[in-house]
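A.B. asks: Input structure: my_file.pdb, which contains PDB, C-alpha atoms.
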```
MODEL        1
ATOM      1  CA  MET A  15      37.182 -32.669  -0.806
ATOM      2  CA  ASP A  16      37.939 -30.354  -3.708
ATOM      3  CA  SER A  17      34.260 -30.385  -4.659
ATOM      4  CA  GLN A  18      33.293 -29.562  -1.072
ATOM      5  CA  ASN A  19      35.794 -26.716  -0.896
ATOM      6  CA  THR A  20      34.506 -25.338  -4.185
ATOM      7  CA  THR A  21      30.930 -25.410  -2.885
ATOM      8  CA  ILE A  22      31.931 -23.614   0.316
ATOM      9  CA  HIS A  23      33.861 -21.043  -1.704
ATOM     10  CA  HIS A  24      30.836 -20.346  -3.924
ATOM     11  CA  GLU A  25      28.589 -20.006  -0.871
ATOM     12  CA  LEU A  26      30.968 -17.482   0.697
ATOM     13  CA  ASP A  27      31.151 -15.539  -2.574
ATOM     14  CA  SER A  28      27.368 -15.419  -2.628
ATOM     15  CA  ILE A  29      27.151 -14.055   0.916
ATOM     16  CA  MET A  30      30.146 -11.707   0.845
ATOM     17  CA  GLY A  31      29.906 -10.648  -2.790
ATOM     18  CA  THR A  32      32.643 -10.220  -5.362
ATOM     19  CA  THR A  33      33.685  -7.459  -7.743
ATOM     20  CA  THR A  34      31.078  -8.777 -10.194
ATOM     21  CA  ARG A  35      28.368 -10.033  -7.846
ATOM     22  CA  ILE A  36      26.421  -8.113  -5.204
ATOM     23  CA  PRO A  37      26.320  -9.740  -1.736
ATOM     24  CA  ARG A  38      23.188 -11.751  -1.027
ATOM     25  CA  LEU A  39      21.013 -11.277   2.044
ATOM     26  CA  LEU A  40      20.185 -14.710   3.474
ATOM     27  CA  SER A  41      19.063 -13.936   7.028
ATOM     28  CA  ALA A  42      18.186 -11.180   9.474
ATOM     29  CA  GLU A  43      21.407 -11.813  11.385
ATOM     30  CA  GLY A  44      23.465 -11.034   8.302
ATOM     31  CA  PHE A  45      21.695  -7.760   7.493
ATOM     32  CA  PRO A  46      24.191  -5.263   9.011
ATOM     33  CA  GLU A  47      27.122  -6.708   7.072
ATOM     34  CA  TRP A  48      24.987  -7.109   3.925
ATOM     35  CA  LYS A  49      23.871  -3.480   4.107
ATOM     36  CA  TYR A  50      27.457  -2.249   4.446
ATOM     37  CA  ARG A  51      28.817  -4.426   1.638
ATOM     38  CA  SER A  52      25.896  -3.800  -0.706
ATOM     39  CA  GLU A  53      26.248  -0.037  -0.422
ATOM     40  CA  LYS A  54      29.967  -0.275  -1.223
ATOM     41  CA  TYR A  55      29.325  -2.615  -4.142
ATOM     42  CA  ILE A  56      26.608  -0.452  -5.704
ATOM     43  CA  LYS A  57      28.657   2.727  -5.375
ATOM     44  CA  MET A  58      31.601   0.976  -7.015
ATOM     45  CA  LYS A  59      29.609  -0.495  -9.904
ATOM     46  CA  ASP A  60      27.322   2.428 -10.751
ATOM     47  CA  PHE A  61      26.905   5.448  -8.525
ATOM     48  CA  LYS A  62      23.795   6.454 -10.487
ATOM     49  CA  VAL A  63      22.092   3.330  -9.168
ATOM     50  CA  TRP A  64      22.959   4.303  -5.594
ATOM     51  CA  ARG A  65      21.679   7.817  -6.259
ATOM     52  CA  SER A  66      18.420   6.340  -7.522
ATOM     53  CA  ILE A  67      18.074   4.304  -4.320
ATOM     54  CA  LEU A  68      18.493   7.436  -2.219
ATOM     55  CA  LYS A  69      16.349   9.812  -4.305
ATOM     56  CA  GLY A  70      13.590   7.464  -5.343
ATOM     57  CA  PRO A  71      11.641   7.266  -8.594
ATOM     58  CA  ILE A  72      11.450  10.323 -10.819
ATOM     59  CA  ARG A  73       8.084  11.297 -12.259
ATOM     60  CA  ILE A  74       8.271  11.990 -15.994
ATOM     61  CA  THR A  75       5.897  14.897 -16.627
ATOM     62  CA  THR A  76       4.850  17.373 -19.289
ATOM     63  CA  ASN A  77       3.120  20.750 -19.138
ATOM     64  CA  LEU A  78      -0.239  21.310 -20.825
ATOM     65  CA  PRO A  79      -1.064  24.654 -22.486
ATOM     66  CA  THR A  80      -3.347  25.320 -19.509
ATOM     67  CA  GLY A  81      -0.350  25.110 -17.196
ATOM     68  CA  GLN A  82      -1.412  21.773 -15.737
ATOM     69  CA  VAL A  83       1.373  19.252 -15.103
ATOM     70  CA  ILE A  84       0.555  15.657 -16.051
ATOM     71  CA  ASP A  85       2.426  12.387 -16.509
ATOM     72  CA  LYS A  86       4.020  12.416 -19.935
ATOM     73  CA  PRO A  87       2.528   9.866 -22.335
ATOM     74  CA  TYR A  88       4.883   6.946 -22.864
ATOM     75  CA  ILE A  89       4.898   7.568 -26.624
ATOM     76  CA  ASP A  90       6.323  11.049 -26.060
ATOM     77  CA  TYR A  91       9.310   9.900 -23.953
ATOM     78  CA  THR A  92      12.682  11.238 -25.049
ATOM     79  CA  GLU A  93      15.910   9.261 -24.872
ATOM     80  CA  GLU A  94      16.730  11.157 -21.688
ATOM     81  CA  ASP A  95      13.368  10.146 -20.201
ATOM     82  CA  PHE A  96      14.007   6.502 -21.047
ATOM     83  CA  GLU A  97      17.459   6.681 -19.465
ATOM     84  CA  LYS A  98      15.934   7.932 -16.210
ATOM     85  CA  ILE A  99      13.401   5.095 -16.180
ATOM     86  CA  GLU A 100      16.065   2.516 -17.013
ATOM     87  CA  GLU A 101      18.222   3.811 -14.167
ATOM     88  CA  GLN A 102      15.371   3.334 -11.709
ATOM     89  CA  GLU A 103      14.618  -0.153 -12.991
ATOM     90  CA  ARG A 104      18.295  -1.073 -12.793
ATOM     91  CA  ALA A 105      18.412   0.076  -9.174
ATOM     92  CA  LEU A 106      15.344  -1.979  -8.244
ATOM     93  CA  ALA A 107      16.691  -5.036 -10.071
ATOM     94  CA  THR A 108      20.069  -4.710  -8.355
ATOM     95  CA  LEU A 109      18.518  -4.734  -4.885
ATOM     96  CA  THR A 110      16.033  -7.470  -5.730
ATOM     97  CA  MET A 111      18.766  -9.788  -7.011
ATOM     98  CA  ALA A 112      20.656  -9.232  -3.758
ATOM     99  CA  LEU A 113      17.869 -10.919  -1.765
ATOM    100  CA  SER A 114      17.471 -14.634  -1.288
ATOM    101  CA  PRO A 115      14.215 -15.986  -2.782
ATOM    102  CA  ASP A 116      12.678 -16.449   0.682
ATOM    103  CA  ILE A 117      13.378 -12.847   1.689
ATOM    104  CA  ALA A 118      12.473 -11.365  -1.705
ATOM    105  CA  GLN A 119       9.060 -13.028  -1.457
ATOM    106  CA  GLY A 120       8.152 -10.793   1.461
ATOM    107  CA  PHE A 121       9.094  -7.540  -0.287
ATOM    108  CA  ARG A 122       7.457  -7.881  -3.708
ATOM    109  CA  GLU A 123       4.992  -5.086  -3.024
ATOM    110  CA  TYR A 124       7.760  -2.473  -3.300
ATOM    111  CA  THR A 125       8.096  -1.111  -6.813
ATOM    112  CA  SER A 126      11.011   1.293  -6.386
ATOM    113  CA  ALA A 127      14.555   0.805  -5.142
ATOM    114  CA  LYS A 128      14.128   3.543  -2.543
ATOM    115  CA  SER A 129      10.986   2.048  -1.015
ATOM    116  CA  LEU A 130      12.556  -1.444  -1.014
ATOM    117  CA  TRP A 131      15.774  -0.226   0.615
ATOM    118  CA  GLU A 132      13.860   1.669   3.314
ATOM    119  CA  ALA A 133      11.567  -1.308   3.959
ATOM    120  CA  LEU A 134      14.554  -3.629   4.415
ATOM    121  CA  ILE A 135      16.119  -1.215   6.904
ATOM    122  CA  GLU A 136      12.855  -0.856   8.816
ATOM    123  CA  VAL A 137      12.320  -4.608   9.042
ATOM    124  CA  TYR A 138      15.871  -5.691   9.835
ATOM    125  CA  GLU A 139      17.255  -2.725  11.773
ATOM    126  CA  GLY A 140      14.057  -1.651  13.482
ATOM    127  CA  ASN A 141      13.573   1.471  15.564
ATOM    128  CA  GLU A 142      16.035   3.115  17.930
ATOM    129  CA  ASP A 143      15.021   0.848  20.818
ATOM    130  CA  MET A 144      15.778  -2.241  18.751
ATOM    131  CA  LYS A 145      19.137  -0.794  17.679
ATOM    132  CA  GLU A 146      20.057  -0.067  21.290
ATOM    133  CA  SER A 147      18.999  -3.576  22.286
ATOM    134  CA  ARG A 148      21.254  -5.064  19.604
ATOM    135  CA  GLN A 149      24.147  -2.877  20.724
ATOM    136  CA  ASP A 150      23.654  -3.977  24.344
ATOM    137  CA  MET A 151      23.634  -7.620  23.258
ATOM    138  CA  LEU A 152      26.868  -7.194  21.289
ATOM    139  CA  ARG A 153      28.588  -5.401  24.168
ATOM    140  CA  LYS A 154      27.673  -8.291  26.473
ATOM    141  CA  LYS A 155      29.044 -10.799  23.961
ATOM    142  CA  PHE A 156      32.262  -8.780  23.785
ATOM    143  CA  ASN A 157      32.628  -8.581  27.558
ATOM    144  CA  MET A 158      31.982 -12.324  27.918
ATOM    145  CA  PHE A 159      34.163 -13.364  24.974
ATOM    146  CA  ASN A 160      36.622 -16.052  25.990
ATOM    147  CA  TYR A 161      38.516 -19.104  24.843
ATOM    148  CA  VAL A 162      36.457 -22.267  24.265
ATOM    149  CA  VAL A 163      38.147 -25.489  25.365
ATOM    150  CA  GLY A 164      39.363 -27.440  22.363
ATOM    151  CA  GLU A 165      39.062 -24.493  19.996
ATOM    152  CA  THR A 166      41.971 -23.705  17.702
ATOM    153  CA  LEU A 167      43.563 -20.280  17.816
ATOM    154  CA  GLU A 168      42.446 -19.668  14.215
ATOM    155  CA  ALA A 169      38.820 -20.438  15.114
ATOM    156  CA  GLN A 170      38.956 -18.163  18.145
ATOM    157  CA  LEU A 171      40.376 -15.323  16.059
ATOM    158  CA  GLU A 172      37.635 -15.822  13.451
ATOM    159  CA  ARG A 173      34.961 -15.588  16.155
ATOM    160  CA  PHE A 174      36.575 -12.481  17.626
ATOM    161  CA  THR A 175      36.939 -10.754  14.265
ATOM    162  CA  ALA A 176      33.317 -11.540  13.371
ATOM    163  CA  LEU A 177      32.159 -10.102  16.695
ATOM    164  CA  THR A 178      34.140  -6.864  16.417
ATOM    165  CA  THR A 179      32.956  -6.467  12.818
ATOM    166  CA  ASP A 180      29.329  -6.861  13.949
ATOM    167  CA  MET A 181      29.934  -4.252  16.652
ATOM    168  CA  SER A 182      31.387  -1.769  14.199
ATOM    169  CA  THR A 183      28.516  -2.324  11.788
ATOM    170  CA  ALA A 184      26.045  -1.754  14.647
ATOM    171  CA  GLY A 185      27.655   1.587  15.464
ATOM    172  CA  ILE A 186      29.834   0.463  18.385
ATOM    173  CA  TYR A 187      33.339   1.795  17.945
ATOM    174  CA  LEU A 188      36.099   0.412  20.162
ATOM    175  CA  THR A 189      39.642   1.680  20.476
ATOM    176  CA  ARG A 190      42.416  -0.525  19.136
ATOM    177  CA  SER A 191      43.755  -0.781  22.677
ATOM    178  CA  ASP A 192      40.417  -2.108  24.008
ATOM    179  CA  ILE A 193      40.221  -4.676  21.210
ATOM    180  CA  ASN A 194      43.787  -5.872  21.709
ATOM    181  CA  LYS A 195      43.455  -6.118  25.492
ATOM    182  CA  LYS A 196      40.252  -8.133  25.214
ATOM    183  CA  LEU A 197      41.792 -10.525  22.711
ATOM    184  CA  LEU A 198      44.937 -11.035  24.771
ATOM    185  CA  ASN A 199      42.966 -11.617  27.971
ATOM    186  CA  SER A 200      40.781 -14.207  26.244
ATOM    187  CA  LEU A 201      43.609 -16.410  24.986
ATOM    188  CA  PRO A 202      44.123 -19.856  26.585
ATOM    189  CA  LYS A 203      46.432 -20.145  29.623
ATOM    190  CA  SER A 204      49.127 -21.734  27.477
ATOM    191  CA  TRP A 205      49.590 -18.260  26.001
ATOM    192  CA  ASP A 206      50.085 -16.516  29.367
ATOM    193  CA  MET A 207      53.832 -16.075  28.888
ATOM    194  CA  ASN A 208      53.404 -14.694  25.361
ATOM    195  CA  VAL A 209      50.612 -12.384  26.486
ATOM    196  CA  ALA A 210      52.778 -10.959  29.260
ATOM    197  CA  VAL A 211      55.603 -10.268  26.793
ATOM    198  CA  ILE A 212      53.264  -8.666  24.256
ATOM    199  CA  LYS A 213      51.727  -6.396  26.890
ATOM    200  CA  LYS A 214      55.184  -5.234  27.954
ATOM    201  CA  THR A 215      56.674  -4.728  24.510
ATOM    202  CA  LYS A 216      53.771  -3.680  22.292
ATOM    203  CA  ALA A 217      51.980  -0.334  22.123
ATOM    204  CA  LEU A 218      48.465  -1.775  22.225
ATOM    205  CA  ASN A 219      46.895   1.446  21.038
ATOM    206  CA  ARG A 220      48.875   1.379  17.792
ATOM    207  CA  VAL A 221      49.178  -2.271  16.701
ATOM    208  CA  SER A 222      46.502  -4.620  15.415
ATOM    209  CA  LEU A 223      46.578  -8.139  16.872
ATOM    210  CA  ALA A 224      43.390  -9.472  15.260
TER     211      ALA A 224
ENDMDL
END
```
Produce structure tokens that represent the structure in this file.

C.D. replies:
Amino acid sequence: MDSQNTTIHHELDSIMGTTTRIPRLLSAEGFPEWKYRSEKYIKMKDFKVWRSILKGPIRITTNLPTGQVIDKPYIDYTEEDFEKIEEQERALATLTMALSPDIAQGFREYTSAKSLWEALIEVYEGNEDMKESRQDMLRKKFNMFNYVVGETLEAQLERFTALTTDMSTAGIYLTRSDINKKLLNSLPKSWDMNVAVIKKTKALNRVSLA
């Protein structure tokens, strides 16, 4: 059992990330949360890497006596030039290592962190119509959320928290009151008395029940 728990713990660390390990993208469904966590991780570890992802590769150039601008020969690079190149390579490596082998295989053509980041967003977030479709699907799941017979309260809360997190990541922002009311109304009938008391005594727009 201890071995099984350790394996599960390592798998969660891989998906969610830690202070020393970037989250790993394993599936399309996990992209919104991965995108959010990866951005936070990169900014925390090295903001220059995040800046490189946003700005893209920098061309190292030199001016000829004729006024023409050309790529600087590698042999003429200064320490500052090398630092810029290393920063770009570090950014690309950081993103690449955050992808599972199966996903990384499909994005090997991208040679800069910026192009890779934008390609991932295009593939997994899609256009505005796809975003709206995902939002509609999540709203329906929220409206239909309910207790499943035989489910523990802890499992129901985990499902609810995962759903509201997905909604927030997708750009759907609910009031605390709406979240609390939905959760209370979805609890099993054995909780009816407690729900009635909570609704009477709690300010649902100020407390967090989930």

A.B. asks: Select, from A:Val163, A:Ala105, A:Met144, A:Ile212, the residue with the minimum atom-to-atom distance to Lys69 (chain A), counting only C-alpha atoms.

C.D. replies: A:Ala105

A.B. asks: Interatomic distance between CA of Asp143 (chain A) and CA of Phe174 (chain A)?

C.D. replies: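 Result for CA of Asp143 (chain A) versus CA of Phe174 (chain A): 25.5 Å, one decimal.
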
A.B. asks: Hey, which of A:Lys49, A:Arg104, A:Lys54, A:Arg173 ends up closest to Tyr138 (chain A)? Count all atoms listed in the file.

C.D. replies: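 Using all atoms listed in the file, Tyr138 (chain A) sits closest to A:Lys49.
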
A.B. asks: Report the residues retrieved by the PyMOL selection byres ((chain A and resi 167) around 12) from the displayed file, expressed as a ChimeraX atom specification.

C.D. replies: /A:160-166,168-174,197-198,200-202,204-205,224

A.B. asks: Between A:Ser147, A:Ser114, A:Thr178, A:Gln82, single out the one closest to Arg190 (chain A), counting all atoms listed in the file.

C.D. replies: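 Looking only at the distances to Arg190 (chain A), the closest residue turns out to be A:Thr178.
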